[in-house]
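S.K.: Next comes upload.cif, mmCIF, C-alpha atoms:
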```cif
data_target
loop_
_atom_site.label_atom_id
_atom_site.label_comp_id
_atom_site.auth_asym_id
_atom_site.auth_seq_id
_atom_site.Cartn_x
_atom_site.Cartn_y
_atom_site.Cartn_z
CA MET A 1 18.95 -50.10 -56.38
CA ASP A 2 16.56 -53.03 -56.89
CA LYS A 3 13.19 -51.47 -57.77
CA GLU A 4 11.27 -54.50 -56.50
CA ILE A 5 12.72 -54.01 -53.01
CA LEU A 6 11.65 -50.36 -53.13
CA ARG A 7 8.17 -51.32 -54.32
CA ASN A 8 7.83 -53.73 -51.37
CA ILE A 9 8.98 -51.04 -48.94
CA ILE A 10 6.50 -48.56 -50.40
CA ARG A 11 3.62 -51.05 -50.05
CA GLU A 12 4.62 -51.85 -46.46
CA GLY A 13 4.82 -48.14 -45.67
CA GLN A 14 1.24 -47.64 -46.83
CA GLU A 15 0.16 -50.61 -44.72
CA ASP A 16 1.91 -49.08 -41.69
CA ILE A 17 0.04 -45.80 -42.20
CA ALA A 18 -3.30 -47.60 -42.44
CA ALA A 19 -2.56 -49.66 -39.33
CA ALA A 20 -1.45 -46.59 -37.34
CA GLU A 21 -4.97 -45.11 -37.37
CA ALA A 22 -6.17 -47.62 -34.75
CA GLU A 23 -3.37 -46.89 -32.27
CA LEU A 24 -2.31 -43.31 -33.03
CA PHE A 25 -2.50 -40.67 -30.31
CA ASN A 26 -2.77 -37.34 -32.13
CA ARG A 27 -0.25 -34.91 -30.72
CA PRO A 28 -1.34 -31.25 -30.53
CA PHE A 29 0.58 -30.02 -33.56
CA GLU A 30 -0.99 -28.02 -36.36
CA PHE A 31 0.65 -28.67 -39.72
CA GLU A 32 0.69 -25.88 -42.29
CA GLU A 33 -1.60 -26.95 -45.14
CA ASN A 34 1.10 -26.75 -47.80
CA GLY A 35 4.10 -26.92 -45.52
CA ARG A 36 7.18 -29.05 -46.12
CA TYR A 37 8.87 -30.09 -42.90
CA VAL A 38 12.20 -31.25 -41.54
CA MET A 39 11.36 -32.78 -38.15
CA THR A 40 14.23 -33.76 -35.88
CA GLY A 41 14.60 -35.15 -32.39
CA VAL A 42 15.98 -37.99 -30.31
CA ARG A 43 15.29 -41.52 -31.56
CA HIS A 44 11.85 -42.88 -30.67
CA ALA A 45 10.53 -39.45 -29.68
CA GLY A 46 7.57 -40.09 -32.00
CA LYS A 47 8.78 -38.60 -35.28
CA SER A 48 7.50 -41.54 -37.35
CA TYR A 49 4.09 -41.21 -35.73
CA MET A 50 4.07 -37.53 -36.60
CA LEU A 51 4.46 -38.61 -40.24
CA TYR A 52 1.61 -41.09 -39.82
CA GLN A 53 -0.48 -38.38 -38.14
CA ARG A 54 0.04 -36.02 -41.07
CA ALA A 55 -0.64 -38.76 -43.64
CA LEU A 56 -3.92 -39.65 -41.96
CA GLU A 57 -4.91 -35.97 -41.81
CA LEU A 58 -4.29 -35.67 -45.55
CA ILE A 59 -6.31 -38.83 -46.22
CA ARG A 60 -9.21 -37.41 -44.21
CA ASP A 61 -8.91 -34.26 -46.34
CA GLY A 62 -9.48 -36.26 -49.50
CA HIS A 63 -6.09 -37.66 -50.50
CA SER A 64 -5.76 -41.41 -51.00
CA LEU A 65 -3.55 -43.91 -49.19
CA GLU A 66 -1.96 -44.68 -52.57
CA GLU A 67 -0.59 -41.12 -52.69
CA MET A 68 1.49 -41.73 -49.56
CA LEU A 69 5.12 -42.65 -50.19
CA TYR A 70 6.59 -43.56 -46.79
CA ILE A 71 10.20 -44.77 -46.58
CA ASN A 72 12.06 -45.51 -43.34
CA PHE A 73 15.79 -45.30 -44.06
CA ASP A 74 16.50 -47.34 -40.92
CA ASP A 75 15.20 -50.32 -42.92
CA GLU A 76 18.03 -52.87 -43.08
CA ARG A 77 17.18 -53.56 -46.74
CA LEU A 78 18.46 -50.07 -47.56
CA TYR A 79 21.74 -50.22 -45.61
CA GLY A 80 24.69 -49.70 -47.89
CA VAL A 81 22.65 -50.11 -51.08
CA ILE A 82 21.15 -46.65 -51.55
CA THR A 83 23.12 -43.44 -51.84
CA SER A 84 22.10 -39.86 -52.55
CA PRO A 85 22.22 -40.21 -56.38
CA GLU A 86 19.99 -43.28 -56.11
CA LEU A 87 17.28 -41.55 -54.06
CA ASP A 88 15.51 -40.75 -57.32
CA ASP A 89 14.99 -44.52 -57.72
CA ILE A 90 12.31 -44.18 -55.04
CA LEU A 91 10.26 -41.92 -57.30
CA GLN A 92 10.78 -44.26 -60.24
CA ALA A 93 9.66 -47.28 -58.20
CA TYR A 94 6.56 -45.40 -57.03
CA ALA A 95 5.76 -44.27 -60.60
CA SER A 96 5.78 -47.92 -61.71
CA MET A 97 3.05 -48.65 -59.13
CA PHE A 98 0.70 -45.64 -59.05
CA PRO A 99 -0.34 -42.81 -61.39
CA HIS A 100 -0.29 -40.10 -58.67
CA LYS A 101 2.18 -37.41 -57.72
CA PRO A 102 3.21 -38.81 -54.33
CA ILE A 103 3.32 -37.14 -50.94
CA LEU A 104 6.75 -38.11 -49.62
CA LEU A 105 7.27 -39.11 -45.97
CA LEU A 106 11.00 -39.76 -45.55
CA ASP A 107 11.92 -41.16 -42.13
CA GLU A 108 15.44 -41.04 -40.59
CA ILE A 109 16.89 -39.74 -43.84
CA GLN A 110 20.09 -38.55 -42.13
CA ASN A 111 21.43 -42.05 -42.84
CA ILE A 112 21.86 -40.99 -46.50
CA GLU A 113 24.76 -38.61 -47.00
CA GLY A 114 23.75 -35.75 -49.29
CA TRP A 115 20.01 -36.19 -48.65
CA GLU A 116 19.55 -32.40 -48.52
CA HIS A 117 20.20 -32.03 -52.26
CA PHE A 118 17.46 -34.56 -53.03
CA ALA A 119 15.14 -32.73 -50.61
CA ARG A 120 15.79 -29.42 -52.35
CA ARG A 121 15.13 -30.98 -55.74
CA LEU A 122 11.80 -32.36 -54.49
CA ALA A 123 10.82 -28.91 -53.23
CA ASN A 124 11.80 -27.32 -56.53
CA ARG A 125 9.55 -29.83 -58.30
CA LYS A 126 6.66 -28.84 -55.97
CA TYR A 127 6.38 -32.16 -54.15
CA ARG A 128 4.81 -32.16 -50.71
CA VAL A 129 7.52 -33.58 -48.42
CA LEU A 130 7.94 -34.36 -44.72
CA ILE A 131 11.36 -35.46 -43.51
CA THR A 132 12.54 -36.74 -40.14
CA GLY A 133 15.97 -37.34 -38.68
CA SER A 134 17.80 -37.91 -35.41
CA ASN A 135 20.65 -35.45 -35.87
CA ALA A 136 20.58 -31.76 -34.96
CA LYS A 137 22.93 -30.96 -37.84
CA MET A 138 19.87 -31.32 -40.06
CA LEU A 139 18.88 -27.92 -38.65
CA SER A 140 22.31 -26.35 -39.17
CA LYS A 141 22.92 -23.17 -41.15
CA ASP A 142 24.72 -25.20 -43.84
CA MET A 143 21.67 -27.41 -44.34
CA ALA A 144 19.35 -24.40 -44.32
CA THR A 145 21.45 -22.81 -47.05
CA VAL A 146 21.12 -25.90 -49.26
CA LEU A 147 17.41 -26.26 -48.57
CA GLY A 148 16.90 -22.56 -49.26
CA ASN A 149 14.01 -21.88 -46.84
CA ARG A 150 11.86 -24.43 -48.62
CA TYR A 151 11.22 -26.41 -45.41
CA LEU A 152 9.90 -25.60 -41.95
CA ASP A 153 12.00 -26.83 -39.01
CA GLU A 154 10.45 -28.56 -36.01
CA ILE A 155 11.96 -30.47 -33.09
CA VAL A 156 9.92 -33.44 -31.84
CA PHE A 157 10.35 -34.18 -28.13
CA PRO A 158 9.12 -37.19 -26.17
CA TYR A 159 5.66 -36.70 -24.68
CA SER A 160 5.03 -33.74 -22.43
CA PHE A 161 3.12 -34.66 -19.28
CA GLN A 162 -0.09 -33.35 -20.86
CA GLU A 163 0.48 -35.60 -23.90
CA TYR A 164 1.44 -38.53 -21.67
CA LEU A 165 -1.88 -38.24 -19.84
CA GLY A 166 -3.72 -38.03 -23.15
CA ALA A 167 -1.99 -41.15 -24.46
CA LYS A 168 -3.13 -42.98 -21.30
CA GLY A 169 -6.70 -41.76 -21.77
CA ILE A 170 -6.60 -39.30 -18.85
CA GLN A 171 -8.07 -35.87 -19.56
CA PRO A 172 -7.43 -33.22 -16.88
CA GLU A 173 -10.53 -31.19 -16.13
CA GLU A 174 -10.90 -27.98 -18.09
CA ASN A 175 -11.10 -25.75 -15.03
CA ARG A 176 -7.80 -27.15 -13.71
CA ARG A 177 -9.31 -27.92 -10.29
CA TYR A 178 -8.38 -31.58 -10.80
CA GLY A 179 -11.19 -32.95 -8.68
CA LYS A 180 -12.39 -36.28 -10.05
CA ASN A 181 -9.18 -37.41 -11.77
CA ARG A 182 -6.57 -35.90 -9.44
CA ASP A 183 -5.57 -39.36 -8.14
CA GLU A 184 -5.23 -40.68 -11.71
CA ILE A 185 -2.99 -37.75 -12.60
CA ILE A 186 -0.75 -38.19 -9.56
CA LEU A 187 -0.40 -41.92 -10.19
CA ALA A 188 0.55 -41.27 -13.84
CA MET A 189 3.01 -38.62 -12.63
CA LYS A 190 5.01 -41.29 -10.80
CA ASP A 191 5.60 -43.32 -13.97
CA TYR A 192 6.31 -40.24 -16.08
CA PHE A 193 8.74 -38.92 -13.46
CA ASP A 194 10.64 -42.22 -13.24
CA TRP A 195 10.62 -43.40 -16.85
CA GLY A 196 9.99 -40.38 -19.05
CA GLY A 197 7.81 -39.77 -22.05
CA PHE A 198 8.95 -41.93 -24.96
CA PRO A 199 5.64 -42.88 -26.64
CA GLU A 200 6.57 -46.50 -27.37
CA LEU A 201 7.57 -47.07 -23.75
CA LEU A 202 3.91 -47.08 -22.73
CA LEU A 203 3.65 -50.52 -24.36
CA TYR A 204 6.36 -52.13 -22.19
CA ASN A 205 6.48 -53.39 -18.62
CA ASN A 206 10.27 -53.74 -18.44
CA LYS A 207 10.95 -50.06 -19.02
CA ARG A 208 14.55 -50.08 -17.86
CA LYS A 209 15.48 -52.76 -20.41
CA TRP A 210 13.82 -50.83 -23.24
CA LEU A 211 15.56 -47.60 -22.22
CA ASN A 212 18.93 -49.35 -21.94
CA GLN A 213 18.53 -50.68 -25.47
CA LEU A 214 17.53 -47.25 -26.77
CA TYR A 215 20.55 -45.66 -25.08
CA GLU A 216 22.88 -48.22 -26.66
CA LYS A 217 21.39 -47.47 -30.08
CA ILE A 218 21.93 -43.75 -29.61
CA LEU A 219 25.41 -44.18 -28.15
CA LEU A 220 26.74 -46.68 -30.67
CA GLY A 221 24.79 -45.71 -33.79
CA ASP A 222 24.32 -41.95 -33.53
CA ILE A 223 27.53 -41.05 -31.68
CA VAL A 224 30.35 -43.64 -31.74
CA GLN A 225 29.86 -45.00 -35.27
CA ARG A 226 28.71 -41.75 -36.86
CA HIS A 227 31.74 -39.86 -35.58
CA LYS A 228 34.16 -42.82 -35.84
CA LEU A 229 35.19 -42.55 -32.19
CA LYS A 230 37.84 -45.02 -31.08
CA ASN A 231 37.73 -44.47 -27.30
CA GLU A 232 34.24 -45.84 -26.63
CA MET A 233 34.90 -46.27 -22.91
CA ALA A 234 35.79 -42.59 -22.52
CA VAL A 235 32.53 -41.67 -24.24
CA ARG A 236 30.53 -43.95 -21.95
CA LEU A 237 32.18 -42.64 -18.81
CA THR A 238 31.70 -39.03 -19.91
CA TYR A 239 27.93 -39.47 -20.15
CA LYS A 240 27.84 -41.42 -16.89
CA ARG A 241 29.66 -38.62 -15.07
CA LEU A 242 27.37 -36.03 -16.63
CA ALA A 243 24.36 -37.99 -15.37
CA GLU A 244 25.85 -38.08 -11.87
CA THR A 245 26.43 -34.29 -11.88
CA VAL A 246 23.22 -33.31 -13.65
CA LYS A 247 22.19 -30.77 -11.00
CA HIS A 248 25.50 -28.93 -10.92
CA PRO A 249 27.46 -26.58 -13.19
CA VAL A 250 30.47 -28.55 -14.35
CA ALA A 251 33.57 -27.73 -16.37
CA TYR A 252 34.83 -29.95 -19.16
CA ASN A 253 38.20 -30.39 -17.42
CA ARG A 254 36.38 -31.57 -14.29
CA ILE A 255 34.58 -34.28 -16.27
CA ALA A 256 37.86 -35.23 -17.97
CA ASN A 257 39.51 -35.64 -14.58
CA LEU A 258 36.64 -37.79 -13.32
CA VAL A 259 36.99 -40.03 -16.36
CA LYS A 260 40.78 -40.22 -16.01
CA SER A 261 40.41 -41.20 -12.34
CA THR A 262 39.03 -44.55 -13.58
CA GLY A 263 42.19 -45.20 -15.60
CA VAL A 264 40.66 -44.24 -18.96
CA SER A 265 42.56 -41.64 -20.96
CA THR A 266 40.78 -38.51 -22.23
CA THR A 267 41.15 -34.74 -22.47
CA PRO A 268 38.88 -31.72 -21.84
CA ALA A 269 38.79 -31.14 -25.61
CA SER A 270 37.59 -34.71 -26.17
CA VAL A 271 34.94 -34.33 -23.47
CA MET A 272 33.74 -31.14 -25.16
CA ASP A 273 33.47 -33.07 -28.43
CA TYR A 274 31.56 -35.92 -26.75
CA VAL A 275 29.07 -33.44 -25.27
CA GLY A 276 28.65 -31.81 -28.69
CA PHE A 277 28.00 -35.18 -30.31
CA ALA A 278 25.41 -36.01 -27.63
CA LYS A 279 23.65 -32.72 -28.34
CA GLU A 280 23.63 -33.53 -32.07
CA ALA A 281 21.93 -36.84 -31.21
CA PHE A 282 19.46 -34.99 -28.92
CA LEU A 283 20.66 -37.02 -25.92
CA LEU A 284 21.71 -33.91 -23.96
CA PHE A 285 21.07 -30.19 -23.83
CA SER A 286 22.88 -27.52 -21.83
CA LEU A 287 22.16 -24.30 -19.96
CA ASN A 288 24.52 -21.35 -19.49
CA ASN A 289 25.06 -19.23 -16.39
CA TYR A 290 23.47 -15.81 -16.85
CA ALA A 291 25.91 -14.31 -14.32
CA SER A 292 29.16 -15.70 -15.77
CA LYS A 293 31.71 -14.19 -18.10
CA PHE A 294 31.78 -15.25 -21.75
CA THR A 295 34.61 -17.78 -21.33
CA GLU A 296 32.86 -19.43 -18.40
CA LYS A 297 29.59 -19.57 -20.35
CA GLU A 298 31.37 -21.70 -22.92
CA THR A 299 33.23 -23.99 -20.53
CA ILE A 300 31.07 -24.30 -17.38
CA LYS A 301 27.50 -25.36 -18.07
CA LYS A 302 24.69 -27.42 -16.60
CA HIS A 303 23.93 -30.47 -18.74
CA TYR A 304 20.58 -32.28 -18.74
CA PHE A 305 19.23 -35.41 -20.42
CA ILE A 306 16.44 -35.03 -22.98
CA ASP A 307 14.22 -37.54 -21.13
CA ASN A 308 14.00 -38.60 -17.49
CA GLY A 309 14.04 -42.28 -18.43
CA LEU A 310 17.44 -41.95 -20.11
CA LEU A 311 18.82 -40.21 -17.02
CA HIS A 312 17.23 -42.71 -14.63
CA ILE A 313 19.14 -45.70 -16.04
CA PHE A 314 22.39 -44.17 -14.74
CA LEU A 315 21.29 -43.41 -11.18
CA SER A 316 20.71 -45.47 -8.04
CA ASP A 317 19.30 -42.64 -5.86
CA PRO A 318 17.59 -40.56 -8.53
CA GLU A 319 14.79 -38.49 -6.99
CA THR A 320 16.40 -35.04 -6.66
CA ALA A 321 18.23 -35.33 -9.98
CA LEU A 322 15.08 -36.50 -11.79
CA LEU A 323 13.06 -33.60 -10.38
CA GLU A 324 15.48 -30.96 -11.63
CA ASN A 325 15.96 -32.76 -14.95
CA ILE A 326 12.23 -32.96 -15.65
CA CYS A 327 11.85 -29.25 -14.88
CA ALA A 328 14.73 -28.51 -17.26
CA ILE A 329 13.11 -30.62 -20.01
CA ASP A 330 9.79 -28.81 -19.66
CA LEU A 331 11.44 -25.38 -19.82
CA HIS A 332 13.70 -26.47 -22.71
CA THR A 333 10.63 -27.35 -24.80
CA ARG A 334 9.02 -23.97 -24.08
CA TYR A 335 11.94 -21.52 -24.35
CA ASP A 336 14.90 -21.06 -26.62
CA GLU A 337 18.56 -20.77 -25.61
CA GLU A 338 18.50 -16.99 -25.17
CA GLN A 339 15.46 -17.13 -22.87
CA LEU A 340 16.46 -19.90 -20.46
CA TRP A 341 19.47 -19.80 -18.12
CA PHE A 342 20.61 -20.75 -14.65
CA TRP A 343 21.98 -18.08 -12.32
CA ASN A 344 25.06 -18.69 -10.20
CA ARG A 345 26.88 -15.96 -8.32
CA HIS A 346 27.80 -17.18 -4.84
CA VAL A 347 24.36 -18.87 -4.70
CA GLU A 348 22.48 -20.72 -7.43
CA VAL A 349 18.98 -20.45 -8.90
CA ASP A 350 18.26 -23.51 -11.00
CA PHE A 351 16.39 -21.70 -13.79
CA TYR A 352 16.19 -18.03 -14.68
CA LEU A 353 13.90 -16.52 -17.34
CA PRO A 354 15.09 -12.91 -17.69
CA ASP A 355 12.41 -11.90 -20.22
CA GLU A 356 9.68 -13.00 -17.81
CA LYS A 357 11.59 -11.93 -14.69
CA ALA A 358 11.06 -15.39 -13.22
CA GLY A 359 13.25 -17.56 -11.00
CA ILE A 360 12.50 -21.25 -10.57
CA GLN A 361 13.98 -23.72 -8.10
CA ALA A 362 13.62 -27.52 -8.08
CA CYS A 363 13.47 -28.92 -4.54
CA TYR A 364 12.17 -32.45 -4.01
CA SER A 365 10.82 -31.67 -0.53
CA THR A 366 10.62 -28.49 1.52
CA SER A 367 9.93 -30.34 4.77
CA LYS A 368 12.48 -33.17 4.87
CA ASP A 369 15.58 -30.99 4.45
CA LEU A 370 15.09 -27.53 5.95
CA THR A 371 18.69 -26.52 5.22
CA THR A 372 18.23 -27.17 1.48
CA PHE A 373 14.87 -25.39 1.52
CA SER A 374 16.36 -22.30 3.18
CA ARG A 375 19.13 -22.30 0.59
CA GLU A 376 16.58 -22.33 -2.23
CA ILE A 377 14.75 -19.33 -0.76
CA ASP A 378 17.96 -17.39 -0.06
CA ALA A 379 19.10 -17.92 -3.66
CA LEU A 380 15.82 -16.59 -5.06
CA MET A 381 16.02 -13.55 -2.79
CA ALA A 382 19.64 -12.94 -3.83
CA LEU A 383 18.66 -13.04 -7.51
CA ASP A 384 15.70 -10.74 -6.80
CA LYS A 385 18.07 -8.12 -5.37
CA VAL A 386 20.20 -8.12 -8.53
CA HIS A 387 17.44 -8.69 -11.10
CA PRO A 388 14.01 -7.92 -9.58
CA LEU A 389 11.64 -10.84 -10.13
CA ASN A 390 7.94 -10.81 -10.88
CA LYS A 391 7.60 -14.54 -10.20
CA MET A 392 9.42 -16.89 -7.84
CA VAL A 393 8.57 -20.59 -7.88
CA ILE A 394 9.85 -23.65 -6.03
CA VAL A 395 8.78 -26.86 -7.78
CA THR A 396 8.51 -29.81 -5.38
CA TYR A 397 7.44 -33.38 -5.91
CA ASP A 398 4.10 -33.09 -4.09
CA GLU A 399 3.97 -30.04 -1.79
CA GLU A 400 1.99 -26.82 -2.25
CA ARG A 401 1.72 -23.50 -0.45
CA ILE A 402 2.52 -19.78 -0.74
CA LEU A 403 5.32 -18.07 1.21
CA LYS A 404 5.46 -14.34 1.91
CA THR A 405 8.93 -12.80 1.81
CA ALA A 406 10.23 -9.98 4.00
CA ASN A 407 9.87 -7.50 1.13
CA GLY A 408 6.23 -8.44 0.55
CA LYS A 409 6.71 -10.70 -2.48
CA GLU A 410 5.38 -14.24 -2.82
CA ILE A 411 7.21 -17.50 -3.44
CA GLU A 412 4.90 -20.13 -4.90
CA ILE A 413 5.59 -23.71 -3.83
CA VAL A 414 3.91 -25.99 -6.35
CA PRO A 415 3.78 -29.77 -6.90
CA LEU A 416 5.48 -31.00 -10.03
CA TRP A 417 2.36 -32.49 -11.66
CA LYS A 418 0.48 -29.21 -11.38
CA TRP A 419 3.46 -27.15 -12.59
CA LEU A 420 3.84 -29.37 -15.68
CA LEU A 421 0.16 -28.84 -16.53
CA ARG A 422 0.31 -25.05 -16.07
#
```
How would this structure read if it were set down as structure tokens?
M.R.:
Amino acid sequence: MDKEILRNIIREGQEDIAAAEAELFNRPFEFEENGRYVMTGVRHAGKSYMLYQRALELIRDGHSLEEMLYINFDDERLYGVITSPELDDILQAYASMFPHKPILLLDEIQNIEGWEHFARRLANRKYRVLITGSNAKMLSKDMATVLGNRYLDEIVFPYSFQEYLGAKGIQPEENRRYGKNRDEIILAMKDYFDWGGFPELLLYNNKRKWLNQLYEKILLGDIVQRHKLKNEMAVRLTYKRLAETVKHPVAYNRIANLVKSTGVSTTPASVMDYVGFAKEAFLLFSLNNYASKFTEKETIKKHYFIDNGLLHIFLSDPETALLENICAIDLHTRYDEEQLWFWNRHVEVDFYLPDEKAGIQACYSTSKDLTTFSREIDALMALDKVHPLNKMVIVTYDEERILKTANGKEIEIVPLWKWLLR
């Protein structure tokens, strides 16, 4: 590897860190003082800015900019010219420039096969290291075995609504009464609901175009090329059908049949693979039915998109799907797989938190469609009979009130913006 190219990349990385201070929105994450991190998440979720955030914190604590060794492995100058054995050339190039022991900030390192062995070697040599990547396999048991508990794992999501408001300079009032800036919050909610929380998207007016380009990068780079898939059209149609059925439990053979109805050949096994690859790329996540048998838990799931903007580009009449998807995202960031479910036995509750004894429904409006509203209430009451609930909530787009049930319990109807800021 040409050391002069690496030296140029190192200099540019330090310049990027210095420039980030003027535009950086600090996300509410507290780094361990001596922690090494592997931070993963969907592309453009803000992982690079988390590296900048940590670098700037360290500089404020007395470290120098020269100590920062930032490398983005998405840099086209590194494509095909650096492999795992050559990663040590980065340290050699840095040593030819500065007399310090560097703090390494290694961005999108999953592009280098075998990176985990280099990361372990850095930890063994007591380097301070932060690593990012866009593939969930970086958190796999195999990787953890190689890294030997030397790194802390974190998933970086696109902005929460609270972070989105902060990035736009809107600070909800401390007492949560939302008096003076209520209108600002509701206006921001509309954009966040429609286009999601990718940090960079705040800079663009043509949000659909930016999201389409991001989706193509994830689809082609992180899924089709990475897994050497030959039937690209089947992959595309699988994700399109999943977007169109986002509110409903769906079996892999059902999606396969929908794809085959367009004349494109596929199988349920292939669809299962495509969903798995999308999860690895953090494009999708899934929920299981708490009431189903084991085999059904594995084959019939509800699938959601990691960001409302990525779902929106597929849909022409998106409101109800976007409402349920944004609720799923919020819960997915707060709870792990064993805490968050849906419940479906004759009737369906969108989200069930058994540890908290809570049932949550997503209903765009309780007044425009009384039949749907009654169904949401009946489902909560049915779940309450089987698994008594301490909390029942119906999240709407903009409606709010309390309902009393026949057995004396309350169902809270809450607007989405307020629920997201709970």
S.K.: Any chance you could resolve the PyMOL selection byres ((chain A and resi 325) around 10) against this file and give the residues as an NGL selection string?
M.R.: :A and (193 or 243 or 246-247 or 303-308 or 311 or 319-324 or 326-331 or 362)
S.K.: The selected residues should be written to file as a PDB file, in the frame of the given file (atoms: C-alpha atoms).
M.R.:
```pdb
ATOM      1  CA  PHE A 193       8.740 -38.920 -13.460  1.00  0.00           C
ATOM      2  CA  ALA A 243      24.360 -37.990 -15.370  1.00  0.00           C
ATOM      3  CA  VAL A 246      23.220 -33.310 -13.650  1.00  0.00           C
ATOM      4  CA  LYS A 247      22.190 -30.770 -11.000  1.00  0.00           C
ATOM      5  CA  HIS A 303      23.930 -30.470 -18.740  1.00  0.00           C
ATOM      6  CA  TYR A 304      20.580 -32.280 -18.740  1.00  0.00           C
ATOM      7  CA  PHE A 305      19.230 -35.410 -20.420  1.00  0.00           C
ATOM      8  CA  ILE A 306      16.440 -35.030 -22.980  1.00  0.00           C
ATOM      9  CA  ASP A 307      14.220 -37.540 -21.130  1.00  0.00           C
ATOM     10  CA  ASN A 308      14.000 -38.600 -17.490  1.00  0.00           C
ATOM     11  CA  LEU A 311      18.820 -40.210 -17.020  1.00  0.00           C
ATOM     12  CA  GLU A 319      14.790 -38.490  -6.990  1.00  0.00           C
ATOM     13  CA  THR A 320      16.400 -35.040  -6.660  1.00  0.00           C
ATOM     14  CA  ALA A 321      18.230 -35.330  -9.980  1.00  0.00           C
ATOM     15  CA  LEU A 322      15.080 -36.500 -11.790  1.00  0.00           C
ATOM     16  CA  LEU A 323      13.060 -33.600 -10.380  1.00  0.00           C
ATOM     17  CA  GLU A 324      15.480 -30.960 -11.630  1.00  0.00           C
ATOM     18  CA  ILE A 326      12.230 -32.960 -15.650  1.00  0.00           C
ATOM     19  CA  CYS A 327      11.850 -29.250 -14.880  1.00  0.00           C
ATOM     20  CA  ALA A 328      14.730 -28.510 -17.260  1.00  0.00           C
ATOM     21  CA  ILE A 329      13.110 -30.620 -20.010  1.00  0.00           C
ATOM     22  CA  ASP A 330       9.790 -28.810 -19.660  1.00  0.00           C
ATOM     23  CA  LEU A 331      11.440 -25.380 -19.820  1.00  0.00           C
ATOM     24  CA  ALA A 362      13.620 -27.520  -8.080  1.00  0.00           C
TER      25      ALA A 362
END
```
S.K.: At most 6 Å from (4.6, -46.0, -49.5), file frame, all atoms listed in the file: which residues, as a list in words?
M.R.: Ile10, Arg11, Gly13, Gln14, Met68, Leu69 and Tyr70 of chain A
S.K.: Given the PyMOL selection byres ((chain A and resi 217) around 12) and the file above, list the residues it selects as a list in words.
M.R.: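 Applied to this file, the PyMOL selection byres ((chain A and resi 217) around 12) selects Val42, Arg43, His44, Asp74, Ser134, Trp210, Leu211, Asn212, Gln213, Leu214, Tyr215, Glu216, Ile218, Leu219, Leu220, Gly221, Asp222, Ile223, Val224, Gln225, Arg226, Ala281 and Leu283 of chain A.
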S.K.: The PyMOL selection byres ((chain A and resi 208) around 10) - which residues does that actually catch in the file I just gave you? List them as a PyMOL selection string.
M.R.: chain A and resi 194-195+201+204-207+209-214+309-310+312-313
S.K.: Please provide as a list in words all residues within 12 Å of Ala269 in chain A, with the sequence filter that same-chain residues fewer than 3 positions apart are discarded (counting all atoms listed in the file).
M.R.: Ala251, Tyr252, Asn253, Arg254, Ile255, Ala256, Asn257, Thr266, Met272, Asp273, Tyr274, Val275, Gly276 and Thr299 of chain A
S.K.: Kindly save the residues from that selection, with C-alpha atoms included, as a PDB file, in the frame of the given file.
M.R.:
```pdb
ATOM      1  CA  ALA A 251      33.570 -27.730 -16.370  1.00  0.00           C
ATOM      2  CA  TYR A 252      34.830 -29.950 -19.160  1.00  0.00           C
ATOM      3  CA  ASN A 253      38.200 -30.390 -17.420  1.00  0.00           C
ATOM      4  CA  ARG A 254      36.380 -31.570 -14.290  1.00  0.00           C
ATOM      5  CA  ILE A 255      34.580 -34.280 -16.270  1.00  0.00           C
ATOM      6  CA  ALA A 256      37.860 -35.230 -17.970  1.00  0.00           C
ATOM      7  CA  ASN A 257      39.510 -35.640 -14.580  1.00  0.00           C
ATOM      8  CA  THR A 266      40.780 -38.510 -22.230  1.00  0.00           C
ATOM      9  CA  MET A 272      33.740 -31.140 -25.160  1.00  0.00           C
ATOM     10  CA  ASP A 273      33.470 -33.070 -28.430  1.00  0.00           C
ATOM     11  CA  TYR A 274      31.560 -35.920 -26.750  1.00  0.00           C
ATOM     12  CA  VAL A 275      29.070 -33.440 -25.270  1.00  0.00           C
ATOM     13  CA  GLY A 276      28.650 -31.810 -28.690  1.00  0.00           C
ATOM     14  CA  THR A 299      33.230 -23.990 -20.530  1.00  0.00           C
TER      15      THR A 299
END
```
S.K.: Just the number, please: distance in Å from CA of His63 in chain A to CA of Ala20 in chain A, one decimal.
M.R.: 16.6 Å
S.K.: Which distance in Å separates CA of Phe373 in chain A and CA of Thr333 in chain A, to one decimal?
M.R.: 26.7 Å
S.K.: For CA of Asp2 in chain A and CA of Thr83 in chain A, determine how far apart the two atoms are, in Å to one decimal place.
M.R.: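 CA of Asp2 in chain A sits 12.7 Å away from CA of Thr83 in chain A.
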S.K.: When distances are computed from all atoms listed in the file, which of A:Arg241, A:Lys137, A:Arg7, A:His227 shows the smallest separation from Ile155 in chain A?
M.R.: A:Lys137
S.K.: Restricting the calculation to only C-alpha atoms: of A:Ala95, A:Ile59, A:Leu104, A:Ile109, which residue gets closest to Leu130 in chain A?
M.R.: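 Ranked by minimum distance to Leu130 in chain A, first place goes to A:Leu104.
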S.K.: Give me, as a ChimeraX atom specification, all polymer residues having an atom no more than 6 Å from Ile394 in chain A, counting all atoms listed in the file and skipping those fewer than 4 positions away in the same chain.
M.R.: /A:360-362,413
S.K.: Mind checking which residues fall within 12 Å of Asp384 in chain A, counting all atoms listed in the file, ignoring those fewer than 3 positions away in the same chain, and posting them as a ChimeraX atom specification?
M.R.: /A:343,349,352,354,357-360,377-381,387-392,405,407,409-411
